[in-house]
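Chemist: I'd like to ask you about the structure that follows.
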Amino acid sequence: WSLDFVSDAFEDGQRFRVLCIVDDCTREALATVVDRSLSGARMTRELDDLIRRRGQPDMIVSDNGTEMTSHAVLRWCQDTGVGWHYIAPGKPMQNAFIESFNGRLRDECLSTQVPSNPTYMTNGPTRTKKVGQQVFQFRNASPKTLVGAGSKTGTVFQALRYVGKDRVDDQVISKIARALDAKDRAQLAKQSRHVPAWMHPVVEQIIARV
């Protein structure tokens with residue numbers, strides 16, 4: 001299994017946390033526990049309840065956050081015999097299954113549409129313009145950010161930036177690939193020389209996906 005926390009806030013500003021537990025073999029979400037506070041002791045109680053229903057895993061993978069390295073968790077590992085593997089600090093992709101699930105949880109359950117001013121990227125200065133009652137914001141952007149601006153390929157690059165280097169998975173690549181025709185793929189290959197290096201292998205997979 002792998003586990004991690006996702007944090008968010010209600011409209012009134014009150015924070016809450018979600019403990020997410022995923023079976024790395026079946027990719028099944030075993031539990032999503034929501035509360036204002038989730039301590040290490042609470043986490044072990046949730047794991048005990050899950051084991052009673054689903055059986056005991058050989059190992060659990062997590063980061064080395066405060067709750068995961070608490071005395072309650074270390075004592076629980078000794079009592080149950082379950083192995084606990086901590087990923088390297090700053091390397092979330094070492095726990096890729098739970099990171100992928102967290103991304104979908106945020107996008108499908110926690111994201112909300114908030115009214116905002118239209119924002120456009122430009123190679124000119126950052127500025128704000130008001131037309132009638134509508135306010136338009138223009139933000140200065142680097143040439144790499146503006147690659148393909150106004151085209152479908154530009155939308156692909158912006159989508160990859162939005163998803164983020166550590167959250168681009170096979171599902172994201174497949175969805176993008178299905179939206180492109182042969183002409184788009186050729187343009188994508190040509191313009192990819194000007195985008196950040198981490199996008200290069202992702203673009204290659206998108207182009208190769210049929």
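Letters for chains follow the order of the structure tokens (A, B, ...), residue numbers begin at 1 for each chain, and ligand numbers begin at 1 in the order shown.
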Can you list, as a short mmCIF file (atom, residue, chain, number, x, y, z; two decimals) with N, CA, C and O atoms, in the first residue's frame, every residue of region 2-199 of chain A that DSSP puts in helix (DSSP H, G or I)?
Modeler:
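Output file part19.cif is given in full below:
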data_model
loop_
_atom_site.label_atom_id
_atom_site.label_comp_id
_atom_site.auth_asym_id
_atom_site.auth_seq_id
_atom_site.Cartn_x
_atom_site.Cartn_y
_atom_site.Cartn_z
N GLY A 40 -0.69 10.80 13.87
CA GLY A 40 -0.11 9.49 13.61
C GLY A 40 -0.92 8.38 14.27
O GLY A 40 -1.13 7.31 13.69
N ALA A 41 -1.39 8.63 15.51
CA ALA A 41 -2.18 7.63 16.23
C ALA A 41 -3.49 7.36 15.50
O ALA A 41 -3.94 6.22 15.38
N ARG A 42 -4.13 8.45 15.00
CA ARG A 42 -5.38 8.28 14.26
C ARG A 42 -5.13 7.47 12.98
O ARG A 42 -5.93 6.63 12.59
N MET A 43 -4.00 7.74 12.34
CA MET A 43 -3.67 7.04 11.12
C MET A 43 -3.52 5.53 11.38
O MET A 43 -4.00 4.71 10.58
N THR A 44 -2.88 5.15 12.47
CA THR A 44 -2.71 3.72 12.76
C THR A 44 -4.05 3.06 13.07
O THR A 44 -4.26 1.89 12.72
N ARG A 45 -4.97 3.81 13.69
CA ARG A 45 -6.30 3.23 13.95
C ARG A 45 -7.03 2.98 12.64
O ARG A 45 -7.72 1.96 12.49
N GLU A 46 -6.90 3.91 11.69
CA GLU A 46 -7.53 3.72 10.39
C GLU A 46 -6.91 2.53 9.65
O GLU A 46 -7.60 1.76 8.99
N LEU A 47 -5.59 2.36 9.79
CA LEU A 47 -4.91 1.23 9.16
C LEU A 47 -5.36 -0.09 9.78
O LEU A 47 -5.57 -1.08 9.07
N ASP A 48 -5.52 -0.10 11.11
CA ASP A 48 -6.00 -1.31 11.78
C ASP A 48 -7.39 -1.70 11.27
O ASP A 48 -7.67 -2.88 11.00
N ASP A 49 -8.26 -0.70 11.13
CA ASP A 49 -9.61 -0.97 10.64
C ASP A 49 -9.58 -1.49 9.21
O ASP A 49 -10.31 -2.41 8.85
N LEU A 50 -8.70 -0.92 8.40
CA LEU A 50 -8.59 -1.34 7.00
C LEU A 50 -8.05 -2.77 6.91
O LEU A 50 -8.51 -3.57 6.09
N ILE A 51 -7.08 -3.10 7.74
CA ILE A 51 -6.51 -4.45 7.74
C ILE A 51 -7.55 -5.49 8.15
O ILE A 51 -7.58 -6.60 7.60
N ARG A 52 -8.41 -5.13 9.10
CA ARG A 52 -9.46 -6.07 9.51
C ARG A 52 -10.39 -6.38 8.34
O ARG A 52 -10.92 -7.49 8.23
N ARG A 53 -10.58 -5.42 7.45
CA ARG A 53 -11.49 -5.61 6.32
C ARG A 53 -10.81 -6.17 5.08
O ARG A 53 -11.42 -6.91 4.32
N ARG A 54 -9.52 -5.82 4.88
CA ARG A 54 -8.87 -6.15 3.61
C ARG A 54 -7.65 -7.05 3.75
O ARG A 54 -7.09 -7.48 2.74
N HIS A 71 6.03 8.34 16.86
CA HIS A 71 6.22 7.16 17.71
C HIS A 71 5.06 6.18 17.53
O HIS A 71 5.26 4.96 17.60
N ALA A 72 3.85 6.72 17.33
CA ALA A 72 2.68 5.85 17.17
C ALA A 72 2.84 4.94 15.96
O ALA A 72 2.53 3.74 16.01
N VAL A 73 3.37 5.47 14.84
CA VAL A 73 3.55 4.68 13.63
C VAL A 73 4.69 3.68 13.81
O VAL A 73 4.57 2.50 13.42
N LEU A 74 5.80 4.13 14.39
CA LEU A 74 6.93 3.22 14.60
C LEU A 74 6.55 2.06 15.51
O LEU A 74 6.92 0.90 15.25
N ARG A 75 5.78 2.35 16.55
CA ARG A 75 5.32 1.30 17.47
C ARG A 75 4.34 0.37 16.75
O ARG A 75 4.37 -0.85 16.93
N TRP A 76 3.49 0.94 15.90
CA TRP A 76 2.52 0.13 15.14
C TRP A 76 3.23 -0.84 14.21
O TRP A 76 2.84 -2.00 14.09
N CYS A 77 4.30 -0.40 13.58
CA CYS A 77 5.06 -1.27 12.68
C CYS A 77 5.68 -2.44 13.45
O CYS A 77 5.69 -3.58 12.98
N GLN A 78 6.19 -2.15 14.64
CA GLN A 78 6.77 -3.22 15.47
C GLN A 78 5.70 -4.22 15.90
O GLN A 78 5.92 -5.43 15.89
N ASP A 79 4.52 -3.71 16.26
CA ASP A 79 3.45 -4.58 16.75
C ASP A 79 2.84 -5.44 15.64
O ASP A 79 2.47 -6.60 15.87
N THR A 80 2.74 -4.89 14.44
CA THR A 80 2.04 -5.60 13.35
C THR A 80 3.00 -6.36 12.43
O THR A 80 2.59 -7.29 11.74
N PRO A 92 8.66 13.00 -4.75
CA PRO A 92 7.30 12.44 -4.70
C PRO A 92 7.04 11.35 -5.71
O PRO A 92 6.19 10.48 -5.49
N MET A 93 7.77 11.35 -6.86
CA MET A 93 7.51 10.32 -7.87
C MET A 93 7.99 8.94 -7.43
O MET A 93 7.67 7.95 -8.08
N GLN A 94 8.75 8.87 -6.33
CA GLN A 94 9.07 7.56 -5.77
C GLN A 94 7.82 6.92 -5.14
O GLN A 94 7.82 5.75 -4.80
N ASN A 95 6.79 7.73 -4.97
CA ASN A 95 5.50 7.24 -4.48
C ASN A 95 4.43 7.59 -5.52
O ASN A 95 3.42 8.23 -5.22
N ALA A 96 4.68 7.18 -6.76
CA ALA A 96 3.92 7.65 -7.91
C ALA A 96 2.44 7.28 -7.86
O ALA A 96 1.59 8.06 -8.30
N PHE A 97 2.09 6.10 -7.33
CA PHE A 97 0.69 5.67 -7.34
C PHE A 97 -0.18 6.61 -6.50
O PHE A 97 -1.25 7.04 -6.93
N ILE A 98 0.29 6.95 -5.30
CA ILE A 98 -0.51 7.82 -4.44
C ILE A 98 -0.50 9.25 -4.98
O ILE A 98 -1.49 9.97 -4.87
N GLU A 99 0.61 9.68 -5.59
CA GLU A 99 0.66 11.03 -6.15
C GLU A 99 -0.34 11.16 -7.31
O GLU A 99 -1.01 12.19 -7.45
N SER A 100 -0.44 10.12 -8.13
CA SER A 100 -1.39 10.12 -9.22
C SER A 100 -2.82 10.20 -8.68
O SER A 100 -3.66 10.95 -9.19
N PHE A 101 -3.10 9.41 -7.64
CA PHE A 101 -4.44 9.43 -7.05
C PHE A 101 -4.73 10.80 -6.44
O PHE A 101 -5.84 11.34 -6.60
N ASN A 102 -3.76 11.39 -5.75
CA ASN A 102 -3.96 12.70 -5.14
C ASN A 102 -4.32 13.74 -6.19
O ASN A 102 -5.17 14.61 -5.96
N GLY A 103 -3.66 13.67 -7.35
CA GLY A 103 -3.94 14.61 -8.42
C GLY A 103 -5.38 14.49 -8.91
O GLY A 103 -6.07 15.50 -9.11
N ARG A 104 -5.85 13.26 -9.09
CA ARG A 104 -7.22 13.06 -9.54
C ARG A 104 -8.22 13.49 -8.47
O ARG A 104 -9.28 14.04 -8.78
N LEU A 105 -7.88 13.25 -7.20
CA LEU A 105 -8.76 13.65 -6.10
C LEU A 105 -8.92 15.17 -6.09
O LEU A 105 -10.04 15.68 -5.96
N ARG A 106 -7.81 15.88 -6.26
CA ARG A 106 -7.89 17.34 -6.28
C ARG A 106 -8.73 17.83 -7.47
O ARG A 106 -9.58 18.70 -7.32
N ASP A 107 -8.47 17.25 -8.64
CA ASP A 107 -9.13 17.72 -9.86
C ASP A 107 -10.63 17.40 -9.86
O ASP A 107 -11.45 18.21 -10.29
N GLU A 108 -10.99 16.20 -9.38
CA GLU A 108 -12.36 15.74 -9.52
C GLU A 108 -13.24 16.03 -8.30
O GLU A 108 -14.47 16.10 -8.42
N CYS A 109 -12.61 16.20 -7.14
CA CYS A 109 -13.41 16.36 -5.92
C CYS A 109 -13.18 17.67 -5.17
O CYS A 109 -14.09 18.18 -4.52
N LEU A 110 -11.97 18.20 -5.24
CA LEU A 110 -11.66 19.37 -4.43
C LEU A 110 -11.61 20.67 -5.22
O LEU A 110 -11.70 21.74 -4.65
N LYS A 152 -3.47 25.07 -30.93
CA LYS A 152 -3.75 23.86 -30.17
C LYS A 152 -2.50 23.34 -29.48
O LYS A 152 -2.55 22.87 -28.34
N THR A 153 -1.35 23.44 -30.16
CA THR A 153 -0.11 22.96 -29.54
C THR A 153 0.25 23.82 -28.34
O THR A 153 0.77 23.32 -27.34
N GLY A 154 -0.02 25.11 -28.42
CA GLY A 154 0.22 25.97 -27.26
C GLY A 154 -0.63 25.55 -26.08
O GLY A 154 -0.18 25.58 -24.93
N THR A 155 -1.87 25.13 -26.37
CA THR A 155 -2.75 24.64 -25.31
C THR A 155 -2.18 23.38 -24.67
O THR A 155 -2.29 23.19 -23.45
N VAL A 156 -1.55 22.52 -25.48
CA VAL A 156 -0.93 21.31 -24.95
C VAL A 156 0.17 21.67 -23.96
O VAL A 156 0.24 21.13 -22.84
N PHE A 157 1.04 22.61 -24.34
CA PHE A 157 2.14 23.00 -23.46
C PHE A 157 1.62 23.62 -22.16
O PHE A 157 2.14 23.35 -21.07
N GLN A 158 0.58 24.45 -22.27
CA GLN A 158 0.01 25.05 -21.07
C GLN A 158 -0.65 23.99 -20.18
O GLN A 158 -0.58 24.06 -18.95
N ALA A 159 -1.28 23.00 -20.80
CA ALA A 159 -1.90 21.92 -20.02
C ALA A 159 -0.85 21.13 -19.25
O ALA A 159 -1.05 20.79 -18.07
N LEU A 160 0.29 20.88 -19.90
CA LEU A 160 1.36 20.15 -19.22
C LEU A 160 1.92 20.96 -18.06
O LEU A 160 2.23 20.42 -16.99
N ARG A 161 2.03 22.28 -18.26
CA ARG A 161 2.50 23.13 -17.15
C ARG A 161 1.52 23.09 -15.99
O ARG A 161 1.91 23.06 -14.82
N TYR A 162 0.23 23.12 -16.33
CA TYR A 162 -0.80 23.11 -15.28
C TYR A 162 -0.78 21.78 -14.51
O TYR A 162 -0.85 21.77 -13.28
N VAL A 163 -0.70 20.68 -15.23
CA VAL A 163 -0.68 19.38 -14.57
C VAL A 163 0.57 19.23 -13.72
O VAL A 163 0.54 18.74 -12.59
N LYS A 165 5.11 18.61 -13.77
CA LYS A 165 6.09 17.58 -14.13
C LYS A 165 5.84 16.27 -13.41
O LYS A 165 5.94 15.19 -14.01
N ASP A 166 5.50 16.33 -12.12
CA ASP A 166 5.39 15.11 -11.33
C ASP A 166 4.02 14.46 -11.39
O ASP A 166 3.80 13.42 -10.77
N ARG A 167 3.07 15.07 -12.14
CA ARG A 167 1.73 14.51 -12.18
C ARG A 167 1.29 14.09 -13.59
O ARG A 167 0.15 13.68 -13.78
N ASP A 170 0.17 8.32 -17.68
CA ASP A 170 -0.27 7.73 -18.95
C ASP A 170 -1.67 8.20 -19.35
O ASP A 170 -1.95 8.39 -20.53
N GLN A 171 -2.53 8.44 -18.36
CA GLN A 171 -3.89 8.90 -18.65
C GLN A 171 -3.87 10.29 -19.27
O GLN A 171 -4.59 10.57 -20.23
N VAL A 172 -3.02 11.18 -18.73
CA VAL A 172 -2.90 12.54 -19.26
C VAL A 172 -2.38 12.50 -20.69
O VAL A 172 -2.91 13.16 -21.59
N ILE A 173 -1.34 11.70 -20.91
CA ILE A 173 -0.74 11.59 -22.25
C ILE A 173 -1.75 11.08 -23.26
O ILE A 173 -1.86 11.60 -24.38
N SER A 174 -2.54 10.08 -22.88
CA SER A 174 -3.54 9.51 -23.79
C SER A 174 -4.62 10.52 -24.14
O SER A 174 -5.04 10.63 -25.30
N LYS A 175 -5.09 11.28 -23.16
CA LYS A 175 -6.14 12.27 -23.41
C LYS A 175 -5.66 13.35 -24.37
O LYS A 175 -6.40 13.76 -25.27
N ILE A 176 -4.42 13.81 -24.17
CA ILE A 176 -3.88 14.83 -25.07
C ILE A 176 -3.71 14.27 -26.47
O ILE A 176 -4.07 14.92 -27.46
N ALA A 177 -3.16 13.06 -26.57
CA ALA A 177 -2.91 12.45 -27.88
C ALA A 177 -4.19 12.30 -28.69
O ALA A 177 -4.20 12.50 -29.90
N ARG A 178 -5.29 11.95 -28.02
CA ARG A 178 -6.56 11.73 -28.73
C ARG A 178 -7.11 13.03 -29.33
O ARG A 178 -7.91 13.00 -30.27
N ALA A 182 -2.62 14.52 -37.24
CA ALA A 182 -1.24 14.39 -37.75
C ALA A 182 -0.56 15.75 -37.87
O ALA A 182 0.63 15.90 -37.55
N LYS A 183 -1.30 16.76 -38.31
CA LYS A 183 -0.74 18.11 -38.46
C LYS A 183 -0.35 18.69 -37.10
O LYS A 183 0.71 19.31 -36.95
N ASP A 184 -1.22 18.48 -36.12
CA ASP A 184 -0.93 18.97 -34.76
C ASP A 184 0.33 18.31 -34.21
O ASP A 184 1.17 18.97 -33.58
N ARG A 185 0.47 17.00 -34.44
CA ARG A 185 1.63 16.27 -33.92
C ARG A 185 2.93 16.79 -34.54
O ARG A 185 3.94 16.92 -33.86
N ALA A 186 2.87 17.09 -35.85
CA ALA A 186 4.06 17.61 -36.53
C ALA A 186 4.45 18.97 -35.95
O ALA A 186 5.63 19.26 -35.72
N GLN A 187 3.44 19.81 -35.71
CA GLN A 187 3.69 21.13 -35.14
C GLN A 187 4.20 21.01 -33.71
O GLN A 187 5.09 21.76 -33.29
N LEU A 188 3.65 20.05 -32.96
CA LEU A 188 4.07 19.83 -31.59
C LEU A 188 5.55 19.44 -31.54
O LEU A 188 6.31 19.94 -30.70
N ALA A 189 5.96 18.55 -32.45
CA ALA A 189 7.37 18.11 -32.50
C ALA A 189 8.29 19.29 -32.82
O ALA A 189 9.36 19.43 -32.23
N LYS A 190 7.86 20.14 -33.72
CA LYS A 190 8.68 21.30 -34.13
C LYS A 190 8.83 22.30 -32.99
O LYS A 190 9.93 22.80 -32.74
N GLN A 191 7.75 22.58 -32.29
CA GLN A 191 7.78 23.61 -31.24
C GLN A 191 8.35 23.10 -29.93
O GLN A 191 8.76 23.90 -29.08
N SER A 192 8.41 21.78 -29.75
CA SER A 192 8.88 21.23 -28.48
C SER A 192 10.34 21.55 -28.20
O SER A 192 10.80 21.43 -27.06
N ARG A 193 11.08 21.96 -29.23
CA ARG A 193 12.49 22.33 -29.02
C ARG A 193 12.63 23.55 -28.12
O ARG A 193 13.69 23.80 -27.56
N HIS A 194 11.56 24.32 -27.99
CA HIS A 194 11.63 25.58 -27.26
C HIS A 194 10.99 25.54 -25.88
O HIS A 194 10.88 26.56 -25.22
N MET A 199 9.63 18.46 -20.55
CA MET A 199 8.50 18.17 -21.44
C MET A 199 8.89 17.33 -22.65
O MET A 199 8.03 16.72 -23.28
#
Chemist: Would you pick out the contacts of Thr66 (chain A) at 9 Å or less, using only C-alpha atoms, so that residues sharing its chain but fewer than 2 positions from it are not included, and give the list as a list in words?
Modeler: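 Everything that qualifies: Ser39, Gly40, Asn64, Met68, Thr69 and Ser70 of chain A.
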Chemist: CA of Phe16 (chain A) and CA of Val34 (chain A), how far apart in Å?
Modeler: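 Distance reported for this atom pair: 7.1 Å.
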Chemist: Report the residues of region 82-116 of chain A whose backbone DSSP state falls under strand (DSSP E or B), written as a PyMOL selection string.
Modeler: chain A and resi 83-86
Chemist: With only C-alpha atoms as the counted atoms, please give the residues lying no more than 10 Å from Gly81 (chain A), apart from itself and same-chain residues fewer than 6 positions off, as a ChimeraX atom specification.
Modeler: /A:56-59,75
Chemist: One decimal, in Å: what's the spacing between CA of Cys25 (chain A) and CA of Val61 (chain A)?
Modeler: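 Computing it gives 12.5 Å between the two atoms.
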